[in-house]
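**Q** Got a structure for you, start36.cif, holding mmCIF, C-alpha atoms.
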```cif
data_work
#
loop_
_atom_site.group_PDB
_atom_site.id
_atom_site.type_symbol
_atom_site.label_atom_id
_atom_site.label_comp_id
_atom_site.auth_asym_id
_atom_site.auth_seq_id
_atom_site.Cartn_x
_atom_site.Cartn_y
_atom_site.Cartn_z
ATOM 1 C CA ASP A 1 35.788 -28.413 -0.163
ATOM 2 C CA THR A 2 33.479 -30.245 2.242
ATOM 3 C CA GLU A 3 30.324 -28.594 1.040
ATOM 4 C CA VAL A 4 26.999 -29.972 -0.076
ATOM 5 C CA THR A 5 24.834 -27.330 -1.719
ATOM 6 C CA GLN A 6 21.081 -27.389 -2.152
ATOM 7 C CA THR A 7 18.719 -25.224 -4.153
ATOM 8 C CA PRO A 8 16.343 -23.628 -3.637
ATOM 9 C CA LYS A 9 16.611 -22.702 0.039
ATOM 10 C CA HIS A 10 12.890 -22.131 0.301
ATOM 11 C CA LEU A 11 10.032 -23.383 -1.884
ATOM 12 C CA VAL A 12 6.304 -22.762 -1.733
ATOM 13 C CA MET A 13 4.155 -24.861 -4.042
ATOM 14 C CA GLY A 14 0.556 -25.783 -4.608
ATOM 15 C CA MET A 15 -0.724 -29.316 -4.616
ATOM 16 C CA THR A 16 -0.940 -29.386 -8.416
ATOM 17 C CA ASN A 17 2.543 -28.001 -9.063
ATOM 18 C CA LYS A 18 5.613 -29.858 -10.281
ATOM 19 C CA LYS A 19 8.930 -28.729 -8.835
ATOM 20 C CA SER A 20 12.429 -30.115 -8.296
ATOM 21 C CA LEU A 21 14.936 -29.903 -5.492
ATOM 22 C CA LYS A 22 18.617 -29.984 -6.401
ATOM 23 C CA CYS A 23 21.673 -31.129 -4.508
ATOM 24 C CA GLU A 24 25.315 -30.941 -5.556
ATOM 25 C CA GLN A 25 28.643 -32.030 -4.085
ATOM 26 C CA HIS A 26 32.169 -32.008 -5.497
ATOM 27 C CA MET A 27 33.917 -34.114 -2.874
ATOM 28 C CA GLY A 28 34.052 -37.236 -5.043
ATOM 29 C CA HIS A 29 31.448 -38.891 -2.847
ATOM 30 C CA ARG A 30 29.665 -41.808 -4.451
ATOM 31 C CA ALA A 31 26.767 -42.179 -2.013
ATOM 32 C CA MET A 32 24.052 -39.527 -1.800
ATOM 33 C CA TYR A 33 20.967 -39.379 0.393
ATOM 34 C CA TRP A 34 17.631 -37.584 0.681
ATOM 35 C CA TYR A 35 16.156 -37.049 4.140
ATOM 36 C CA LYS A 36 12.894 -35.456 5.236
ATOM 37 C CA GLN A 37 12.820 -33.603 8.549
ATOM 38 C CA LYS A 38 9.703 -32.280 10.244
ATOM 39 C CA ALA A 39 9.981 -29.616 12.931
ATOM 40 C CA LYS A 40 11.506 -30.853 16.190
ATOM 41 C CA LYS A 41 11.928 -34.350 14.740
ATOM 42 C CA PRO A 42 15.054 -36.182 13.547
ATOM 43 C CA PRO A 43 15.818 -36.626 9.852
ATOM 44 C CA GLU A 44 14.058 -39.572 8.215
ATOM 45 C CA LEU A 45 15.802 -41.347 5.371
ATOM 46 C CA MET A 46 13.934 -41.304 2.040
ATOM 47 C CA PHE A 47 16.354 -42.453 -0.666
ATOM 48 C CA VAL A 48 19.954 -43.549 -1.042
ATOM 49 C CA TYR A 49 21.957 -43.563 -4.254
ATOM 50 C CA SER A 50 25.223 -45.408 -4.644
ATOM 51 C CA TYR A 51 27.278 -44.919 -7.802
ATOM 52 C CA GLU A 52 24.283 -43.193 -9.402
ATOM 53 C CA LYS A 53 22.024 -46.170 -8.806
ATOM 54 C CA LEU A 54 19.077 -46.169 -6.417
ATOM 55 C CA SER A 55 20.070 -48.344 -3.504
ATOM 56 C CA ILE A 56 17.445 -47.703 -0.869
ATOM 57 C CA ASN A 57 13.858 -46.439 -1.166
ATOM 58 C CA GLU A 58 12.301 -46.249 2.258
ATOM 59 C CA SER A 59 8.689 -46.769 1.111
ATOM 60 C CA VAL A 60 8.364 -43.186 -0.043
ATOM 61 C CA PRO A 61 5.161 -42.207 -1.935
ATOM 62 C CA SER A 62 5.520 -41.997 -5.704
ATOM 63 C CA ARG A 63 4.799 -38.265 -5.656
ATOM 64 C CA PHE A 64 8.503 -38.025 -4.704
ATOM 65 C CA SER A 65 10.782 -39.112 -7.540
ATOM 66 C CA PRO A 66 14.565 -39.084 -7.095
ATOM 67 C CA GLU A 67 17.087 -38.813 -9.886
ATOM 68 C CA CYS A 68 20.865 -39.000 -9.917
ATOM 69 C CA PRO A 69 22.055 -37.718 -13.322
ATOM 70 C CA ASN A 70 25.749 -37.974 -12.410
ATOM 71 C CA SER A 71 28.031 -38.568 -9.463
ATOM 72 C CA SER A 72 27.848 -34.944 -8.294
ATOM 73 C CA LEU A 73 24.147 -34.232 -8.646
ATOM 74 C CA LEU A 74 21.023 -35.493 -6.945
ATOM 75 C CA ASN A 75 17.518 -34.276 -7.717
ATOM 76 C CA LEU A 76 14.187 -34.809 -6.036
ATOM 77 C CA HIS A 77 11.200 -34.275 -8.322
ATOM 78 C CA LEU A 78 7.975 -33.310 -6.616
ATOM 79 C CA HIS A 79 4.477 -33.710 -8.044
ATOM 80 C CA ALA A 80 0.996 -33.556 -6.534
ATOM 81 C CA LEU A 81 2.306 -33.095 -3.009
ATOM 82 C CA GLN A 82 0.126 -32.843 0.071
ATOM 83 C CA PRO A 83 0.286 -30.201 2.833
ATOM 84 C CA GLU A 84 1.696 -32.835 5.202
ATOM 85 C CA ASP A 85 4.744 -33.073 2.918
ATOM 86 C CA SER A 86 5.810 -29.637 4.145
ATOM 87 C CA ALA A 87 9.185 -30.138 5.812
ATOM 88 C CA LEU A 88 12.916 -29.497 5.577
ATOM 89 C CA TYR A 89 14.433 -31.718 2.881
ATOM 90 C CA LEU A 90 18.066 -32.502 3.533
ATOM 91 C CA CYS A 91 20.565 -33.889 1.081
ATOM 92 C CA ALA A 92 23.675 -35.652 2.348
ATOM 93 C CA SER A 93 26.657 -37.413 0.835
ATOM 94 C CA SER A 94 29.342 -39.809 1.981
ATOM 95 C CA LEU A 95 32.433 -41.225 0.340
ATOM 96 C CA GLN A 96 30.809 -44.560 -0.317
ATOM 97 C CA LEU A 97 27.959 -46.747 0.785
ATOM 98 C CA HIS A 98 30.190 -49.374 2.353
ATOM 99 C CA PRO A 99 32.637 -47.416 4.493
ATOM 100 C CA THR A 100 35.220 -49.066 6.679
ATOM 101 C CA SER A 101 36.078 -46.138 8.875
ATOM 102 C CA SER A 102 34.724 -43.203 10.796
ATOM 103 C CA GLU A 103 33.618 -41.556 7.613
ATOM 104 C CA THR A 104 30.463 -39.570 8.172
ATOM 105 C CA GLN A 105 27.731 -38.058 6.072
ATOM 106 C CA TYR A 106 27.958 -34.415 5.083
ATOM 107 C CA PHE A 107 24.651 -32.590 5.027
ATOM 108 C CA GLY A 108 23.530 -29.748 2.831
ATOM 109 C CA PRO A 109 21.675 -26.743 4.303
ATOM 110 C CA GLY A 110 18.315 -28.137 3.220
ATOM 111 C CA THR A 111 15.324 -26.877 1.286
ATOM 112 C CA ARG A 112 12.421 -25.689 3.393
ATOM 113 C CA LEU A 113 9.291 -26.763 1.525
ATOM 114 C CA LEU A 114 5.778 -25.472 2.142
ATOM 115 C CA VAL A 115 2.879 -27.121 0.323
ATOM 116 C CA LEU A 116 -0.331 -25.114 0.227
ATOM 117 C CA GLY B 117 13.517 -53.072 15.090
ATOM 118 C CA GLN B 118 15.311 -49.807 15.567
ATOM 119 C CA ASN B 119 14.918 -47.720 18.703
ATOM 120 C CA ILE B 120 17.084 -44.805 19.750
ATOM 121 C CA ASP B 121 16.216 -42.733 22.792
ATOM 122 C CA GLN B 122 17.454 -39.346 24.015
ATOM 123 C CA PRO B 123 16.090 -36.789 26.474
ATOM 124 C CA THR B 124 13.877 -34.301 24.685
ATOM 125 C CA GLU B 125 15.201 -31.131 26.271
ATOM 126 C CA MET B 126 18.010 -30.028 28.565
ATOM 127 C CA THR B 127 18.995 -26.695 30.040
ATOM 128 C CA ALA B 128 22.418 -25.670 31.311
ATOM 129 C CA THR B 129 24.322 -22.540 32.259
ATOM 130 C CA GLU B 130 27.093 -20.880 30.293
ATOM 131 C CA GLY B 131 30.491 -22.218 31.398
ATOM 132 C CA ALA B 132 29.021 -25.412 32.846
ATOM 133 C CA ILE B 133 29.326 -29.051 31.726
ATOM 134 C CA VAL B 134 26.402 -31.011 30.316
ATOM 135 C CA GLN B 135 26.032 -34.696 29.452
ATOM 136 C CA ILE B 136 23.511 -35.800 26.830
ATOM 137 C CA ASN B 137 22.668 -39.496 26.942
ATOM 138 C CA CYS B 138 21.638 -41.790 24.110
ATOM 139 C CA THR B 139 20.449 -45.382 24.383
ATOM 140 C CA TYR B 140 19.911 -47.590 21.383
ATOM 141 C CA GLN B 141 18.517 -50.948 20.377
ATOM 142 C CA THR B 142 19.229 -51.643 16.730
ATOM 143 C CA SER B 143 19.353 -54.774 14.639
ATOM 144 C CA GLY B 144 22.934 -54.022 13.680
ATOM 145 C CA PHE B 145 25.671 -51.632 14.736
ATOM 146 C CA ASN B 146 28.615 -50.155 12.932
ATOM 147 C CA GLY B 147 29.307 -46.927 14.706
ATOM 148 C CA LEU B 148 27.518 -44.184 16.599
ATOM 149 C CA PHE B 149 27.622 -40.569 15.483
ATOM 150 C CA TRP B 150 26.730 -37.332 17.212
ATOM 151 C CA TYR B 151 25.536 -34.345 15.204
ATOM 152 C CA GLN B 152 24.749 -30.771 16.170
ATOM 153 C CA GLN B 153 21.855 -29.041 14.463
ATOM 154 C CA HIS B 154 20.951 -25.392 14.907
ATOM 155 C CA ALA B 155 17.346 -24.490 14.177
ATOM 156 C CA GLY B 156 16.673 -24.414 10.456
ATOM 157 C CA GLU B 157 20.171 -25.581 9.558
ATOM 158 C CA ALA B 158 21.748 -28.847 8.473
ATOM 159 C CA PRO B 159 23.205 -31.307 10.992
ATOM 160 C CA THR B 160 26.965 -31.027 11.384
ATOM 161 C CA PHE B 161 29.185 -33.891 12.454
ATOM 162 C CA LEU B 162 30.611 -33.757 15.992
ATOM 163 C CA SER B 163 31.986 -37.174 16.877
ATOM 164 C CA TYR B 164 32.123 -40.872 16.105
ATOM 165 C CA ASN B 165 32.524 -43.973 18.277
ATOM 166 C CA VAL B 166 32.742 -47.553 17.117
ATOM 167 C CA LEU B 167 34.765 -49.076 19.969
ATOM 168 C CA ASP B 168 33.992 -48.797 23.672
ATOM 169 C CA GLY B 169 35.477 -45.848 25.447
ATOM 170 C CA LEU B 170 35.861 -42.114 25.338
ATOM 171 C CA GLU B 171 36.731 -39.985 22.314
ATOM 172 C CA GLU B 172 37.767 -36.423 23.063
ATOM 173 C CA LYS B 173 37.665 -33.515 20.653
ATOM 174 C CA GLY B 174 38.283 -30.159 22.249
ATOM 175 C CA ARG B 175 35.275 -29.149 24.342
ATOM 176 C CA PHE B 176 33.308 -32.173 23.137
ATOM 177 C CA SER B 177 33.752 -35.795 24.215
ATOM 178 C CA SER B 178 31.707 -38.848 23.358
ATOM 179 C CA PHE B 179 31.536 -42.172 25.135
ATOM 180 C CA LEU B 180 30.290 -45.555 23.973
ATOM 181 C CA SER B 181 29.404 -48.815 25.702
ATOM 182 C CA ARG B 182 28.313 -51.339 23.099
ATOM 183 C CA SER B 183 27.317 -53.986 25.653
ATOM 184 C CA LYS B 184 24.923 -51.518 27.264
ATOM 185 C CA GLY B 185 23.718 -49.908 24.046
ATOM 186 C CA TYR B 186 24.635 -46.548 25.544
ATOM 187 C CA SER B 187 26.467 -43.411 24.529
ATOM 188 C CA TYR B 188 26.811 -39.912 25.858
ATOM 189 C CA LEU B 189 28.020 -36.594 24.520
ATOM 190 C CA LEU B 190 29.816 -34.385 27.027
ATOM 191 C CA LEU B 191 30.034 -30.662 26.383
ATOM 192 C CA LYS B 192 32.418 -28.644 28.555
ATOM 193 C CA GLU B 193 32.760 -24.885 29.069
ATOM 194 C CA LEU B 194 29.356 -24.315 27.549
ATOM 195 C CA GLN B 195 28.895 -21.306 25.325
ATOM 196 C CA MET B 196 25.686 -19.612 24.208
ATOM 197 C CA LYS B 197 26.326 -20.827 20.656
ATOM 198 C CA ASP B 198 26.059 -24.426 21.898
ATOM 199 C CA SER B 199 22.286 -23.954 22.133
ATOM 200 C CA ALA B 200 21.109 -26.410 19.490
ATOM 201 C CA SER B 201 19.660 -29.874 18.986
ATOM 202 C CA TYR B 202 22.037 -32.782 19.412
ATOM 203 C CA LEU B 203 21.278 -35.882 17.386
ATOM 204 C CA CYS B 204 22.549 -39.344 18.153
ATOM 205 C CA ALA B 205 22.675 -41.589 15.065
ATOM 206 C CA VAL B 206 23.512 -45.261 14.760
ATOM 207 C CA ARG B 207 25.016 -46.584 11.578
ATOM 208 C CA ASP B 208 23.921 -50.010 10.511
ATOM 209 C CA PHE B 209 24.649 -52.100 7.476
ATOM 210 C CA ASP B 210 22.218 -54.081 5.429
ATOM 211 C CA ASN B 211 22.401 -55.697 2.014
ATOM 212 C CA TYR B 212 22.388 -52.277 0.396
ATOM 213 C CA GLY B 213 25.106 -50.599 2.419
ATOM 214 C CA GLN B 214 25.199 -48.211 5.317
ATOM 215 C CA ASN B 215 22.080 -46.788 6.841
ATOM 216 C CA PHE B 216 21.921 -44.014 9.437
ATOM 217 C CA VAL B 217 19.128 -44.125 11.998
ATOM 218 C CA PHE B 218 18.676 -40.926 13.973
ATOM 219 C CA GLY B 219 17.456 -40.538 17.518
ATOM 220 C CA PRO B 220 14.788 -37.925 18.307
ATOM 221 C CA GLY B 221 17.381 -35.318 19.246
ATOM 222 C CA THR B 222 17.965 -33.373 22.452
ATOM 223 C CA ARG B 223 17.289 -29.635 22.427
ATOM 224 C CA LEU B 224 19.892 -27.942 24.597
ATOM 225 C CA SER B 225 19.346 -24.420 25.860
ATOM 226 C CA VAL B 226 22.372 -22.634 27.299
ATOM 227 C CA LEU B 227 21.431 -19.799 29.636
ATOM 228 C CA PRO B 228 23.661 -16.858 30.636
#
```
Please lay out the structure from this file as structure tokens.
**A**
Amino acid sequence: DTEVTQTPKHLVMGMTNKKSLKCEQHMGHRAMYWYKQKAKKPPELMFVYSYEKLSINESVPSRFSPECPNSSLLNLHLHALQPEDSALYLCASSLQLHPTSSETQYFGPGTRLLVL
Amino acid sequence: GQNIDQPTEMTATEGAIVQINCTYQTSGFNGLFWYQQHAGEAPTFLSYNVLDGLEEKGRFSSFLSRSKGYSYLLLKELQMKDSASYLCAVRDFDNYGQNFVFGPGTRLSVLP
């Protein structure tokens, strides 16, 4: 099973709403990532978790709040978002944060978020 | 700083060969990855290079020259389904672990 799943697939929310994006993998990977991707742009790294601890926060606004409740799950809590936050949010995982080989990241299908 | 450059768009004909170039200037280097991404879908892994030379995988090959900060992805016997964006990504390490930096992507259109 080399699958990373994400829910929901699509999300429309207002600027005052609170919502959460979910990501799950059962590959035994211990590093998990959140990326934001705008149309026709490459993915931009937001957060990295390693062994359920936040490892990297790429200066993301506090209206995005990540959570890693266990080694298989990664959440992204959203609150008071702006229309410019509309994008595809991709979750990815890799075996570990300090690989020694050709190990890659596996991406989920993404959540397409629209903020009105 | 980190800078990765790719052509924005390319067009090729079904059955042909196309080469997508990637140049990079990064503070560190621990491997270069190529991903394919169809519109609205997640990137999928195509190839990996960490040493200089050519890696071949079926219809896809990838080349790396570390001294030149240069890589290319070669797609042979193009098929319509190869129409997608192709992302070059450099893996770097910092105090926290591995970090993937993506290039802007090349949108490839395969015409009949």
**Q** Do you know which residues the PyMOL selection byres ((chain B and resi 182) around 12) returns on this file, as a PyMOL selection string?
**A** chain B and resi 138-142+144-148+165-169+179-181+183-188+206
**Q** Write the residues you've just listed into a file as a PDB file, in the coordinates of the input, and include C-alpha atoms for each of them.
**A**
```pdb
ATOM      1  CA  CYS B 138      21.638 -41.790  24.110  1.00  0.00           C
ATOM      2  CA  THR B 139      20.449 -45.382  24.383  1.00  0.00           C
ATOM      3  CA  TYR B 140      19.911 -47.590  21.383  1.00  0.00           C
ATOM      4  CA  GLN B 141      18.517 -50.948  20.377  1.00  0.00           C
ATOM      5  CA  THR B 142      19.229 -51.643  16.730  1.00  0.00           C
ATOM      6  CA  GLY B 144      22.934 -54.022  13.680  1.00  0.00           C
ATOM      7  CA  PHE B 145      25.671 -51.632  14.736  1.00  0.00           C
ATOM      8  CA  ASN B 146      28.615 -50.155  12.932  1.00  0.00           C
ATOM      9  CA  GLY B 147      29.307 -46.927  14.706  1.00  0.00           C
ATOM     10  CA  LEU B 148      27.518 -44.184  16.599  1.00  0.00           C
ATOM     11  CA  ASN B 165      32.524 -43.973  18.277  1.00  0.00           C
ATOM     12  CA  VAL B 166      32.742 -47.553  17.117  1.00  0.00           C
ATOM     13  CA  LEU B 167      34.765 -49.076  19.969  1.00  0.00           C
ATOM     14  CA  ASP B 168      33.992 -48.797  23.672  1.00  0.00           C
ATOM     15  CA  GLY B 169      35.477 -45.848  25.447  1.00  0.00           C
ATOM     16  CA  PHE B 179      31.536 -42.172  25.135  1.00  0.00           C
ATOM     17  CA  LEU B 180      30.290 -45.555  23.973  1.00  0.00           C
ATOM     18  CA  SER B 181      29.404 -48.815  25.702  1.00  0.00           C
ATOM     19  CA  SER B 183      27.317 -53.986  25.653  1.00  0.00           C
ATOM     20  CA  LYS B 184      24.923 -51.518  27.264  1.00  0.00           C
ATOM     21  CA  GLY B 185      23.718 -49.908  24.046  1.00  0.00           C
ATOM     22  CA  TYR B 186      24.635 -46.548  25.544  1.00  0.00           C
ATOM     23  CA  SER B 187      26.467 -43.411  24.529  1.00  0.00           C
ATOM     24  CA  TYR B 188      26.811 -39.912  25.858  1.00  0.00           C
ATOM     25  CA  VAL B 206      23.512 -45.261  14.760  1.00  0.00           C
TER      26      VAL B 206
END
```
**Q** Using the chain letters and numbers from the file, which residues does the PyMOL selection byres ((chain A) within 10 of (chain B)) grab, as number ranges by chain?
**A** A: 31, 33, 39-45, 48-50, 54-56, 88-92, 94, 96-112
**Q** To one decimal in Å, tell me the separation between CA of Pro123 (chain B) and CA of Ala200 (chain B).
**A**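 These atoms are spaced 13.5 Å apart.
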**Q** Let me know the centre plus edge lengths, in Å and rounded to one decimal, of a box with edges along x, y and z that contains all listed atoms of region 1-19 of chain A and is padded by 4 Å on every side, as JSON.
**A**
```
{"center_x": 17.4, "center_y": -26.2, "center_z": -4.0, "size_x": 44.7, "size_y": 16.1, "size_z": 20.5}
```
**Q** Have a look at CA of His26 (chain A) and CA of Ser93 (chain A) and let me know their distance in Å, one decimal.
**A** 10.0 Å
**Q** Selected by the PyMOL selection byres ((chain A and resi 19-23) around 6) in the shown coordinates: which residues, as a PyMOL selection string?
**A** chain A and resi 5-7+18+24+73-78
**Q** Go ahead and save the residues from that selection, with C-alpha atoms, as an mmCIF file, in the coordinates of the input.
**A**
```cif
data_model
loop_
_atom_site.group_PDB
_atom_site.id
_atom_site.type_symbol
_atom_site.label_atom_id
_atom_site.label_comp_id
_atom_site.auth_asym_id
_atom_site.auth_seq_id
_atom_site.Cartn_x
_atom_site.Cartn_y
_atom_site.Cartn_z
ATOM 1 C CA THR A 5 24.834 -27.330 -1.719
ATOM 2 C CA GLN A 6 21.081 -27.389 -2.152
ATOM 3 C CA THR A 7 18.719 -25.224 -4.153
ATOM 4 C CA LYS A 18 5.613 -29.858 -10.281
ATOM 5 C CA GLU A 24 25.315 -30.941 -5.556
ATOM 6 C CA LEU A 73 24.147 -34.232 -8.646
ATOM 7 C CA LEU A 74 21.023 -35.493 -6.945
ATOM 8 C CA ASN A 75 17.518 -34.276 -7.717
ATOM 9 C CA LEU A 76 14.187 -34.809 -6.036
ATOM 10 C CA HIS A 77 11.200 -34.275 -8.322
ATOM 11 C CA LEU A 78 7.975 -33.310 -6.616
#
```
**Q** Rounded to one decimal in Å, what is the spacing between CA of Ser62 (chain A) and CA of Gln25 (chain A)?
**A** 25.2 Å
**Q** For Ser225 (chain B), find every residue with an atom within 8 Å (counting only C-alpha atoms), except residues of its own chain fewer than 4 positions away, and show them as a list in words.
**A** Glu125, Met126, Thr127, Ala128, Asp198, Ser199 and Ala200 of chain B
**Q** What does the file look like for those residues with C-alpha atoms, as a compact mmCIF listing (two decimals), keeping the file's coordinate frame?
**A**
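See out_39.txt below for the written result:
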```txt
# COMPACT_ATOMS: atom_id res chain seq x y z
CA GLU B 125 15.20 -31.13 26.27
CA MET B 126 18.01 -30.03 28.56
CA THR B 127 19.00 -26.70 30.04
CA ALA B 128 22.42 -25.67 31.31
CA ASP B 198 26.06 -24.43 21.90
CA SER B 199 22.29 -23.95 22.13
CA ALA B 200 21.11 -26.41 19.49
```
**Q** Identify which of the residues B:Asp208, B:Leu227, B:Gln122, B:Glu172 lies closest to Leu191 (chain B), counting all atoms listed in the file when measuring atom-to-atom distances.
**A**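 Selected residue with least distance to Leu191 (chain B): B:Glu172.
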**Q** Write out as a PyMOL selection string each polymer residue whose atoms come within 10 Å of Thr129 (chain B), counting all atoms listed in the file; drop sequence neighbours fewer than 6 positions from it.
**A** chain B and resi 193-196+225-228
